[in-house]
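Asks: Sending over a structure as structure tokens; questions will come in a sec.
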Amino acid sequence: MKIINFIKKLGLGVLVGVSSVTVALADVASVMDKIKSEILNPVAALLAAVSGIYFLYGVLLYFQSGLNEKELDRAKSHIIWGLLGLVIIYSVSGIIEAITSTIGA
């Protein structure tokens with residue numbers, strides 16, 4: 001009889017523990033969604049804009065450089081770093097989206 005009571009109490013304890021974990025995950029998901037929408041998305045948009053402008057500046061330098069090798073190398077450097085910045089920003093945004101969708105935010 002004591003064993004049956006113990007199992008019933010244990011089952012109730014597990015049920016309460018599972019519901020607590022569910023509530024905790026819901027809180028984590030809402031916090032992650034808030035951080036993503038209030039902080040990460042605006043910062044990513046700003047960095048993407050800066051990187052895009054840097055890329056376009058490199059393209060402008062490329063067309064203005066003529067046959068000057070030093071200026072061509074400088075323009076290529078701006079283009080490469082601008083594109084690399086865009087790739088990194090959108091990759092991080094994709095990773096963050098994957099994490100938040102996995103958590104359930």
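The way I read the labels, and the way they are meant: chains A, B, ... in the order of the structure tokens, residue 1 as the first residue of every chain, and ligand 1 as the first ligand shown, with later ones counted on from there.
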Write out as a PyMOL selection string each polymer residue whose atoms come within 6 Å of range 71-80 of chain A, counting only C-alpha atoms; drop sequence neighbours fewer than 4 positions from it.

Replies: chain A and resi 55+58+61-62+65

Asks: CA of Ala48 in chain A to CA of Leu60 in chain A: how many Å, to one decimal?

Replies: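 That distance, rounded to one decimal, is 18.2 Å.
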
Asks: Can you pull out the residues contacting Leu86 in chain A? Cut-off 12 Å, using only C-alpha atoms, and skip same-chain residues under 5 positions away; I want them as an mmCIF file with C-alpha atoms, in the first residue's frame.

Replies:
data_model
loop_
_atom_site.group_PDB
_atom_site.id
_atom_site.type_symbol
_atom_site.label_atom_id
_atom_site.label_comp_id
_atom_site.auth_asym_id
_atom_site.auth_seq_id
_atom_site.Cartn_x
_atom_site.Cartn_y
_atom_site.Cartn_z
ATOM 1 C CA ALA A 44 20.907 43.820 -37.932
ATOM 2 C CA ALA A 45 19.073 46.261 -40.190
ATOM 3 C CA LEU A 46 21.477 49.067 -39.289
ATOM 4 C CA LEU A 47 24.545 46.887 -39.858
ATOM 5 C CA ALA A 48 23.127 45.609 -43.155
ATOM 6 C CA ALA A 49 22.564 49.192 -44.299
ATOM 7 C CA VAL A 50 26.109 50.212 -43.339
ATOM 8 C CA SER A 51 27.568 47.149 -45.049
ATOM 9 C CA GLY A 52 25.483 47.755 -48.170
ATOM 10 C CA ILE A 53 26.600 51.380 -48.339
ATOM 11 C CA TYR A 54 30.226 50.264 -47.898
ATOM 12 C CA PHE A 55 29.760 47.820 -50.784
ATOM 13 C CA LEU A 56 28.205 50.482 -53.014
ATOM 14 C CA ILE A 79 33.516 45.460 -52.303
ATOM 15 C CA ILE A 80 34.770 42.253 -50.697
ATOM 16 C CA TRP A 81 34.428 43.542 -47.120
ATOM 17 C CA SER A 91 23.862 34.322 -41.629
ATOM 18 C CA VAL A 92 23.613 35.414 -38.003
ATOM 19 C CA SER A 93 20.002 36.471 -38.579
#

Asks: Just the number, please: distance in Å from CA of Leu83 in chain A to CA of Gly66 in chain A, one decimal.

Replies: 22.0 Å

Asks: Just to confirm, what's the straight-line distance from CA of Ser30 in chain A to CA of Ile88 in chain A in Å (one decimal)?

Replies: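 Between these atoms lies a distance of 25.6 Å.
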
Asks: Hey, which of A:Ile95, A:Gly82, A:Ala29, A:Tyr90 ends up closest to Tyr57 in chain A? Count only C-alpha atoms.

Replies: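 Answer, going by the shortest atom-to-atom distance: A:Gly82.
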